[in-house]
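Below: one structure, written as structure tokens.
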Amino acid sequence: MKTNQNYFKWPLRLLAAVVFFITIYNANAQDTWTGLSITSGAWNDGTNWSTFSAPTTSDNAIIPASYTGFAPVLTGTDGVLALTISTGQTVTVSSGYSLTVAGNLTGSGTLDLSGASGTVNIAGNISIATIAPGTTNNIVLNGATNQNIGAATFDNLQVNNGATLTGNILVNGNLTGIGSLTAGSSQITVKGNMTGITFSAGTSTVILSGSSTQNIDAFTFNNLEADNNSIVLANPEIVNGNLTGSATLAGVTGGSLSIGGNMSVSGYTANTSTVTLGGSSPQTISNAYSLYNLTLDNSAGATLTGGNLTIGHNLVLTSGVLTTDASDLLILSSTLSVAGASNTSFVDGPIKNTALDGVNNSFTFPTGNVNKYAPIGLSNVSDVSQYTVQYFKSGHSATPPGGATASTDEYWTLIENSGTASASVTLNWLDATFSGITTPGDLSVYRTTGSTWADLGSTAHTAASVTASVPASDMDPTFGYYTFGDNSGVNPLPVSLVSFSAQYQDNQVNLNWATASEQNNDYFDVERSLDAANWTSIGQIQGHGTTNLTNYYSDIDNLAGIVPAGTLYYRLKQVDFNGNFTYSMIRSVDISNSVPTVSAYPNPTNTILNVNWTGNLEGNTILKVVNETGSNIYQQMISGRGLMQKQIDMSTLPAGLYFVQLIDGNNNTLANQSIIKN
């Protein structure tokens, strides 16, 4: 019997073709996890996948939101093209193993690396809900193009090409690499080293919060928060925004730290570093620091808060005003000259020097106030002493000796905090016209601790200074006041303001002042402030030029455009014909507890009654209209401060006598005005 060989060949050829096409399909398959193996959830067990073959770096793998078998666990060195982990699902990488994702890691599930100790390579974007990072694994970003990284937690993160953050990240270990990291507006928390990468800060905040030493390369940060006392900074460090945190930072020996925002770390160990305040908006320096060198290069200035700032070496005033106060002193523990002080850069507030003695016996303090640089100098200090000084661009109330004149535009305070040394005191002026000085050789140094100036005489004159010797007995441990004086009256010395008052009455503030003499006085600007810091001109009153007669002035603030509540502040800006100006002392008016008054019109009325009053109460006010028998005709509860207005329709009421009343929250009658209805 003869066998037909083709009968057996066709089935074999068909089977081969099927195997071939399955192979081709699997090479580019989308593999979906089923977990249907009868043994375990091993990642590389093909029976757990929809294609019956474990995915490779050419395949997209999906862990669906629901399946009936085992959960996926990597027990080898495996890879996928792209990995999507759906809601509620977890891919676990076992200890000693790792994963390569040649594309994107996405999904709202979890990649659990807590037991892994190898390297997870990711070449695409990361936008997964949760990464459980473990403690010893490394995630390496090694894509050929820029990678977008969403919010995630990593153990160690290595950036080897380019990555852009689209969410906040936490790196429990080191943030390293040879690539570039663009932060955007994200927050980056690092607990290990931050080295190697190129960093573009954007508007981000970087938080350094490790528990052991963190080495930080020279980066330009936006905001930097330092919460670890063992942070080692490289040089130079630049923080364009705020430098904050609970740590005490250490400056690099000979290095630099530039800050563009506020500085409020717990402490700073200076070594021999230079801190530069180089922002473009006002900066605050909080807490007490001891710096080696400080440079102020910010035209908007800086303010000390929260403690004293001590400078141990150089102070450079390039641009801007450093504002201090009695609780936040600038303390200079060196007699090196201050560099760069000018009308645009000085210290406004008290300055203390602790380094003067019989050898280092001279120093010029870079004092100033209100756009005027006016230094005061000490020399020939006979022994170890400490001094605090301050300049005021306003008049002191003390009167000069008979027939003499004293400046009413400016004065200095000079306190000998410790020591009993004698010294020479030098008062300086940069603007002779402002100071009213025409003949420097006739000037004396005047001093007072009370109401009358005493003449200390002079030992030296220059074209811009006068010096006098001050014996140890006249160096006051509390307050000594110094200014320019002229016994002969040759130097005019400016406007003499002898009084200035501000009083609140009938919903307005009455301002009154007087001058004993004036020199080139063009006008007064009357200024008001709600906080004693920001001022608004509310009126201008012409001066009397040059005169030795007493002149009286007044103005009224009708409080237009503001809520008249709390405390208001007033000052006078006296302006000379050449544009030079000086400020008076500040007067305050408290109107928060003033009794409101009511204006009701027209009176008599026939139809509409307009009711106006000034509200000064925090709580509600009740507006009432009652008739002659005390019965309520109208009542409304109204809250708010400032000028209050209400219209009441009286047209339907009978003619007669009525009363408009304001009642406070305690049922007290604040105002009561009678009106007539025709």
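Residue numbering restarts at 1 in every chain; chains get A, B, ... in the order shown in the structure tokens, and ligands count up from 1 in that same order.
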Write out as a Markdown table a residue-level contact list of stretch 500-613 of chain A versus stretch 398-421 of chain A with cut-off 12 Å: for each qualifying residue the closest pair of atoms and the distance in Å to one decimal, counting only C-alpha atoms, rows sorted by chain and residue number upward.
```
| residue | atom | partner | partner_atom | distance |
| --- | --- | --- | --- | --- |
| A:Thr515 | CA | A:Thr408 | CA | 10.3 |
| A:Ala516 | CA | A:Thr408 | CA | 10.4 |
| A:Ser517 | CA | A:Thr408 | CA | 9.9 |
| A:Glu518 | CA | A:Thr408 | CA | 10.0 |
| A:Gln519 | CA | A:Thr408 | CA | 10.9 |
| A:Asn548 | CA | A:Thr405 | CA | 11.4 |
| A:Lys573 | CA | A:Asp409 | CA | 11.1 |
| A:Gln574 | CA | A:Asp409 | CA | 9.6 |
| A:Val575 | CA | A:Asp409 | CA | 11.4 |
| A:Asp576 | CA | A:Asp409 | CA | 11.8 |
| A:Asn580 | CA | A:Asp409 | CA | 11.1 |
| A:Phe581 | CA | A:Asp409 | CA | 9.1 |
| A:Thr582 | CA | A:Asp409 | CA | 6.4 |
| A:Tyr583 | CA | A:Asp409 | CA | 7.9 |
| A:Ser584 | CA | A:Asp409 | CA | 8.3 |
| A:Met585 | CA | A:Asp409 | CA | 10.5 |
```
Pick out the residues sitting within 6 Å of A:Ala132, and hand them over as a CSV table (one decimal) with N, CA and C atoms, in the first residue's frame; count only C-alpha atoms, and ignore anything fewer than 2 positions along from it in its own chain.
```csv
chain,number,residue,atom,x,y,z
A,112,ASP,N,6.8,48.6,44.0
A,112,ASP,CA,7.4,48.4,45.3
A,112,ASP,C,8.8,47.9,45.2
A,113,LEU,N,9.8,48.8,45.5
A,113,LEU,CA,11.2,48.5,45.5
A,113,LEU,C,11.8,48.4,46.9
A,114,SER,N,10.9,48.2,47.9
A,114,SER,CA,11.3,48.2,49.3
A,114,SER,C,12.3,47.0,49.6
```
Using backbone DSSP assignments, extract all helix (DSSP H, G or I) residues from stretch 388-502 of chain A; output them as a ChimeraX atom specification. /A:432-435,440-442,472-474
Give me the residues near A:Asn215 as a ChimeraX atom specification, where near means some atom within 12 Å (using only C-alpha atoms) and where sequence neighbours in that chain fewer than 2 positions away do not count. /A:173-176,190-196,208-210,212-213,217-219,228-235,250
How many Å lie between atom CA of A:Asn610 and atom CA of A:Asp664, rounded to one decimal? 20.2 Å
Residue among A:Leu157, A:Ala82, A:Leu549, A:Leu36 lying closest to A:Gly124, counting only C-alpha atoms: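 Looking at the shortest contact to A:Gly124, the residue is A:Ala82.
Going from atom CA of A:Asp525 over to atom CA of A:Gln542, you cover 8.8 Å.
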Would you kindly return, as number ranges by chain, each protein, DNA or RNA residue with an atom no farther than 8 Å from any atom of stretch 305-322 of chain A, considering only C-alpha atoms and excluding same-chain residues fewer than 5 positions away? A: 284-300, 327-334, 336-342, 344-348
Expected file contents, prior selection, N, CA and C atoms, as a tab-separated table (two decimals), in the first residue's frame:
```tsv
chain	number	residue	atom	x	y	z
A	284	THR	N	14.94	90.45	54.66
A	284	THR	CA	15.02	90.43	56.12
A	284	THR	C	16.04	89.38	56.54
A	285	ILE	N	16.79	89.71	57.57
A	285	ILE	CA	17.78	88.80	58.15
A	285	ILE	C	17.30	88.48	59.55
A	286	SER	N	16.76	87.27	59.73
A	286	SER	CA	16.16	86.89	61.00
A	286	SER	C	17.16	86.07	61.81
A	287	ASN	N	16.99	86.13	63.12
A	287	ASN	CA	17.83	85.41	64.07
A	287	ASN	C	19.18	86.10	64.22
A	288	ALA	N	19.91	85.68	65.23
A	288	ALA	CA	21.22	86.26	65.51
A	288	ALA	C	22.29	85.47	64.76
A	289	TYR	N	23.11	86.17	64.00
A	289	TYR	CA	24.19	85.53	63.24
A	289	TYR	C	25.51	86.24	63.53
A	290	SER	N	26.59	85.47	63.41
A	290	SER	CA	27.94	86.03	63.44
A	290	SER	C	28.57	85.73	62.09
A	291	LEU	N	28.71	86.75	61.26
A	291	LEU	CA	29.28	86.61	59.93
A	291	LEU	C	30.71	87.12	59.91
A	292	TYR	N	31.47	86.65	58.95
A	292	TYR	CA	32.84	87.14	58.78
A	292	TYR	C	32.83	88.39	57.91
A	293	ASN	N	32.40	88.25	56.67
A	293	ASN	CA	32.23	89.41	55.78
A	293	ASN	C	30.76	89.50	55.37
A	294	LEU	N	30.26	90.72	55.28
A	294	LEU	CA	28.90	90.94	54.78
A	294	LEU	C	28.94	92.03	53.72
A	295	THR	N	28.31	91.74	52.57
A	295	THR	CA	28.14	92.74	51.51
A	295	THR	C	26.65	92.96	51.29
A	296	LEU	N	26.23	94.23	51.34
A	296	LEU	CA	24.85	94.58	51.01
A	296	LEU	C	24.85	95.19	49.62
A	297	ASP	N	24.21	94.50	48.68
A	297	ASP	CA	24.14	94.96	47.29
A	297	ASP	C	22.71	94.80	46.79
A	298	ASN	N	21.82	95.51	47.43
A	298	ASN	CA	20.39	95.44	47.10
A	298	ASN	C	19.81	96.84	47.29
A	299	SER	N	19.44	97.48	46.21
A	299	SER	CA	18.94	98.86	46.29
A	299	SER	C	17.67	98.95	47.12
A	300	ALA	N	16.95	97.82	47.27
A	300	ALA	CA	15.73	97.81	48.08
A	300	ALA	C	16.02	97.67	49.56
A	327	SER	N	16.69	96.23	69.40
A	327	SER	CA	16.67	94.79	69.67
A	327	SER	C	17.39	93.98	68.61
A	328	ASP	N	17.71	94.62	67.50
A	328	ASP	CA	18.35	93.94	66.36
A	328	ASP	C	19.50	94.81	65.89
A	329	LEU	N	20.57	94.79	66.68
A	329	LEU	CA	21.72	95.65	66.43
A	329	LEU	C	22.62	95.09	65.34
A	330	LEU	N	23.31	96.00	64.66
A	330	LEU	CA	24.48	95.62	63.87
A	330	LEU	C	25.68	95.81	64.76
A	331	ILE	N	26.40	94.73	65.05
A	331	ILE	CA	27.57	94.78	65.92
A	331	ILE	C	28.81	94.52	65.08
A	332	LEU	N	29.75	95.45	65.11
A	332	LEU	CA	31.00	95.32	64.38
A	332	LEU	C	32.11	95.02	65.38
A	333	SER	N	32.73	93.84	65.24
A	333	SER	CA	33.79	93.43	66.16
A	333	SER	C	35.15	93.61	65.52
A	334	SER	N	35.25	94.56	64.60
A	334	SER	CA	36.48	94.88	63.90
A	334	SER	C	36.54	96.39	63.71
A	336	LEU	N	38.19	97.55	61.05
A	336	LEU	CA	38.46	97.75	59.64
A	336	LEU	C	37.45	98.74	59.06
A	337	SER	N	37.92	99.55	58.12
A	337	SER	CA	37.05	100.56	57.53
A	337	SER	C	35.88	99.91	56.80
A	338	VAL	N	34.72	100.52	56.91
A	338	VAL	CA	33.56	100.08	56.14
A	338	VAL	C	33.69	100.62	54.73
A	339	ALA	N	33.49	99.75	53.74
A	339	ALA	CA	33.68	100.15	52.34
A	339	ALA	C	32.36	100.52	51.70
A	340	GLY	N	32.39	101.58	50.91
A	340	GLY	CA	31.30	101.85	49.98
A	340	GLY	C	30.12	102.62	50.49
A	341	ALA	N	30.10	103.06	51.76
A	341	ALA	CA	28.93	103.75	52.28
A	341	ALA	C	28.69	105.06	51.53
A	342	SER	N	27.39	105.40	51.35
A	342	SER	CA	27.03	106.59	50.58
A	342	SER	C	25.60	106.97	50.91
A	344	THR	N	23.15	106.32	49.23
A	344	THR	CA	22.28	105.23	48.80
A	344	THR	C	22.56	103.92	49.54
A	345	SER	N	23.54	103.92	50.43
A	345	SER	CA	23.85	102.70	51.16
A	345	SER	C	24.50	103.05	52.49
A	346	PHE	N	23.78	102.80	53.58
A	346	PHE	CA	24.26	103.10	54.93
A	346	PHE	C	23.48	102.25	55.91
A	347	VAL	N	23.70	102.46	57.19
A	347	VAL	CA	22.96	101.75	58.23
A	347	VAL	C	21.99	102.72	58.89
A	348	ASP	N	20.71	102.41	58.78
A	348	ASP	CA	19.67	103.24	59.39
A	348	ASP	C	19.23	102.55	60.67
```
Check the DSSP output for the backbone and give back, as a ChimeraX atom specification, the residues of stretch 516-620 of chain A in strand (DSSP E or B). /A:516-529,535-547,551-557,567-576,581-583,587-590,598-601,605,608-615,620
Please report the interatomic distance between atom CA of A:Lys393 and atom CA of A:Lys352 in Å with one decimal.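 Between atom CA of A:Lys393 and atom CA of A:Lys352 the gap works out to 19.1 Å.
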List the spatial neighbours of stretch 673-676 of chain A as a list in words - criterion: any atom at most 7 Å away, only C-alpha atoms, same-chain residues fewer than 6 positions off excluded. Val598, Asn603, Pro604, Thr605, Gly656, Leu657, Tyr658, Phe659, Val660 and Gln661 of chain A
Write the selection just made, keeping N, CA and C atoms, as a PDB file, in the first residue's frame?
```pdb
ATOM      1  N   VAL A 598     -23.144 111.344  64.073  1.00  0.00           N
ATOM      2  CA  VAL A 598     -24.080 111.074  62.994  1.00  0.00           C
ATOM      3  C   VAL A 598     -24.418 112.363  62.274  1.00  0.00           C
ATOM      4  N   ASN A 603     -32.674 117.926  56.883  1.00  0.00           N
ATOM      5  CA  ASN A 603     -33.401 118.029  58.148  1.00  0.00           C
ATOM      6  C   ASN A 603     -33.978 119.439  58.269  1.00  0.00           C
ATOM      7  N   PRO A 604     -35.291 119.590  58.132  1.00  0.00           N
ATOM      8  CA  PRO A 604     -36.356 118.570  58.007  1.00  0.00           C
ATOM      9  C   PRO A 604     -36.293 117.817  56.661  1.00  0.00           C
ATOM     10  N   THR A 605     -36.971 116.685  56.660  1.00  0.00           N
ATOM     11  CA  THR A 605     -37.051 115.883  55.449  1.00  0.00           C
ATOM     12  C   THR A 605     -38.501 115.527  55.165  1.00  0.00           C
ATOM     13  N   GLY A 656     -43.662 114.763  62.219  1.00  0.00           N
ATOM     14  CA  GLY A 656     -43.373 114.807  63.642  1.00  0.00           C
ATOM     15  C   GLY A 656     -41.883 114.750  63.919  1.00  0.00           C
ATOM     16  N   LEU A 657     -41.537 114.549  65.202  1.00  0.00           N
ATOM     17  CA  LEU A 657     -40.150 114.510  65.660  1.00  0.00           C
ATOM     18  C   LEU A 657     -39.675 113.056  65.744  1.00  0.00           C
ATOM     19  N   TYR A 658     -38.504 112.793  65.197  1.00  0.00           N
ATOM     20  CA  TYR A 658     -37.900 111.461  65.229  1.00  0.00           C
ATOM     21  C   TYR A 658     -36.443 111.577  65.691  1.00  0.00           C
ATOM     22  N   PHE A 659     -35.868 110.416  66.065  1.00  0.00           N
ATOM     23  CA  PHE A 659     -34.482 110.395  66.520  1.00  0.00           C
ATOM     24  C   PHE A 659     -33.721 109.294  65.771  1.00  0.00           C
ATOM     25  N   VAL A 660     -32.545 109.661  65.222  1.00  0.00           N
ATOM     26  CA  VAL A 660     -31.635 108.687  64.599  1.00  0.00           C
ATOM     27  C   VAL A 660     -30.608 108.286  65.646  1.00  0.00           C
ATOM     28  N   GLN A 661     -30.478 106.980  65.898  1.00  0.00           N
ATOM     29  CA  GLN A 661     -29.604 106.497  66.967  1.00  0.00           C
ATOM     30  C   GLN A 661     -28.631 105.437  66.441  1.00  0.00           C
TER      31      GLN A 661
END
```
List the neighbours of stretch 473-480 of chain A out to 12 Å using only C-alpha atoms; skip same-chain residues closer than 3 positions along the sequence, and give me the result as a PyMOL selection string. chain A and resi 378+381+385-391+396+398+411-425+446-456+468-470+483
Can I get the selection written as a compact mmCIF listing (two decimals), in the first residue's frame, with N, CA and C atoms?
```txt
# COMPACT_ATOMS: atom_id res chain seq x y z
N LEU A 378 34.84 108.07 65.72
CA LEU A 378 35.56 108.11 67.00
C LEU A 378 37.04 107.93 66.71
N VAL A 381 40.60 106.93 71.06
CA VAL A 381 39.97 106.23 72.17
C VAL A 381 41.07 105.75 73.11
N SER A 385 36.89 100.10 75.11
CA SER A 385 35.53 100.62 75.26
C SER A 385 34.65 100.11 74.12
N GLN A 386 33.36 100.08 74.39
CA GLN A 386 32.38 99.71 73.37
C GLN A 386 31.37 100.84 73.23
N TYR A 387 30.96 101.11 71.97
CA TYR A 387 30.09 102.25 71.71
C TYR A 387 28.95 101.85 70.78
N THR A 388 27.78 102.46 70.99
CA THR A 388 26.64 102.33 70.09
C THR A 388 26.23 103.72 69.62
N VAL A 389 26.06 103.88 68.32
CA VAL A 389 25.72 105.19 67.75
C VAL A 389 24.51 105.04 66.83
N GLN A 390 23.85 106.17 66.56
CA GLN A 390 22.74 106.22 65.61
C GLN A 390 22.56 107.66 65.14
N TYR A 391 22.13 107.83 63.88
CA TYR A 391 21.88 109.15 63.30
C TYR A 391 20.39 109.34 63.07
N HIS A 396 16.42 117.67 67.34
CA HIS A 396 16.34 117.36 68.76
C HIS A 396 15.70 118.54 69.48
N ALA A 398 16.38 119.85 72.38
CA ALA A 398 17.22 120.66 73.26
C ALA A 398 17.44 122.05 72.68
N TYR A 411 20.78 114.97 64.31
CA TYR A 411 21.58 114.73 65.51
C TYR A 411 21.97 113.26 65.56
N TRP A 412 22.94 112.95 66.40
CA TRP A 412 23.42 111.59 66.62
C TRP A 412 23.25 111.22 68.09
N THR A 413 23.07 109.93 68.36
CA THR A 413 23.23 109.41 69.71
C THR A 413 24.55 108.66 69.78
N LEU A 414 25.23 108.80 70.91
CA LEU A 414 26.50 108.12 71.15
C LEU A 414 26.49 107.62 72.58
N ILE A 415 26.54 106.28 72.72
CA ILE A 415 26.50 105.65 74.04
C ILE A 415 27.80 104.88 74.25
N GLU A 416 28.43 105.08 75.39
CA GLU A 416 29.59 104.26 75.76
C GLU A 416 29.04 103.09 76.58
N ASN A 417 28.91 101.92 75.91
CA ASN A 417 28.29 100.77 76.56
C ASN A 417 29.16 100.20 77.67
N SER A 418 30.46 100.22 77.48
CA SER A 418 31.38 99.73 78.51
C SER A 418 32.70 100.47 78.37
N GLY A 419 33.43 100.55 79.47
CA GLY A 419 34.70 101.28 79.47
C GLY A 419 34.52 102.69 80.01
N THR A 420 35.64 103.33 80.29
CA THR A 420 35.64 104.71 80.81
C THR A 420 36.66 105.54 80.04
N ALA A 421 36.71 105.38 78.75
CA ALA A 421 37.74 106.04 77.93
C ALA A 421 37.28 107.43 77.51
N SER A 422 38.24 108.28 77.30
CA SER A 422 38.00 109.54 76.59
C SER A 422 38.19 109.28 75.10
N ALA A 423 37.67 110.19 74.28
CA ALA A 423 37.78 110.00 72.84
C ALA A 423 37.53 111.32 72.14
N SER A 424 37.86 111.36 70.85
CA SER A 424 37.50 112.47 69.98
C SER A 424 36.31 112.04 69.13
N VAL A 425 35.33 112.94 69.03
CA VAL A 425 34.12 112.66 68.27
C VAL A 425 34.09 113.56 67.05
N TYR A 446 28.09 120.13 69.68
CA TYR A 446 27.19 120.29 70.81
C TYR A 446 26.78 118.92 71.33
N ARG A 447 26.61 118.87 72.65
CA ARG A 447 26.22 117.62 73.30
C ARG A 447 25.20 117.91 74.39
N THR A 448 24.24 116.97 74.56
CA THR A 448 23.27 117.09 75.65
C THR A 448 22.84 115.72 76.11
N THR A 449 22.38 115.66 77.36
CA THR A 449 21.67 114.48 77.85
C THR A 449 20.28 114.88 78.33
N GLY A 450 19.93 116.14 78.09
CA GLY A 450 18.64 116.61 78.58
C GLY A 450 18.02 117.62 77.65
N SER A 451 17.78 118.84 78.16
CA SER A 451 17.01 119.83 77.41
C SER A 451 17.85 120.98 76.88
N THR A 452 19.14 121.07 77.24
CA THR A 452 19.98 122.19 76.82
C THR A 452 21.27 121.66 76.21
N TRP A 453 21.63 122.21 75.05
CA TRP A 453 22.88 121.83 74.41
C TRP A 453 24.06 122.45 75.17
N ALA A 454 25.14 121.67 75.30
CA ALA A 454 26.39 122.17 75.87
C ALA A 454 27.44 122.20 74.77
N ASP A 455 28.27 123.24 74.77
CA ASP A 455 29.28 123.42 73.74
C ASP A 455 30.55 122.66 74.13
N LEU A 456 30.93 121.66 73.31
CA LEU A 456 32.18 120.93 73.53
C LEU A 456 33.34 121.56 72.79
N ALA A 468 35.62 117.24 68.12
CA ALA A 468 35.80 117.76 69.47
C ALA A 468 36.27 116.64 70.37
N SER A 469 37.02 117.01 71.41
CA SER A 469 37.46 116.04 72.41
C SER A 469 36.38 115.89 73.47
N VAL A 470 36.08 114.63 73.80
CA VAL A 470 35.07 114.35 74.82
C VAL A 470 35.75 113.63 75.97
N THR A 483 25.19 117.17 68.04
CA THR A 483 24.80 117.83 66.80
C THR A 483 25.76 118.98 66.52
```
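Shortest atom-to-atom contact with A:Gln158 among A:Asn612, A:Gly88, A:Pro471, A:Val140: A:Val140, counting only C-alpha atoms.
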Counting only C-alpha atoms, which residue out of A:Glu225, A:Asp59, A:Thr459, A:Ala116 sits closest to A:Val101? A:Asp59
Have a look at A:Leu111, A:Ala226, A:Leu572, A:Ala71 and name the one nearest to A:Thr84; count only C-alpha atoms.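 Counting only C-alpha atoms, the residue closest to A:Thr84 is A:Leu111.
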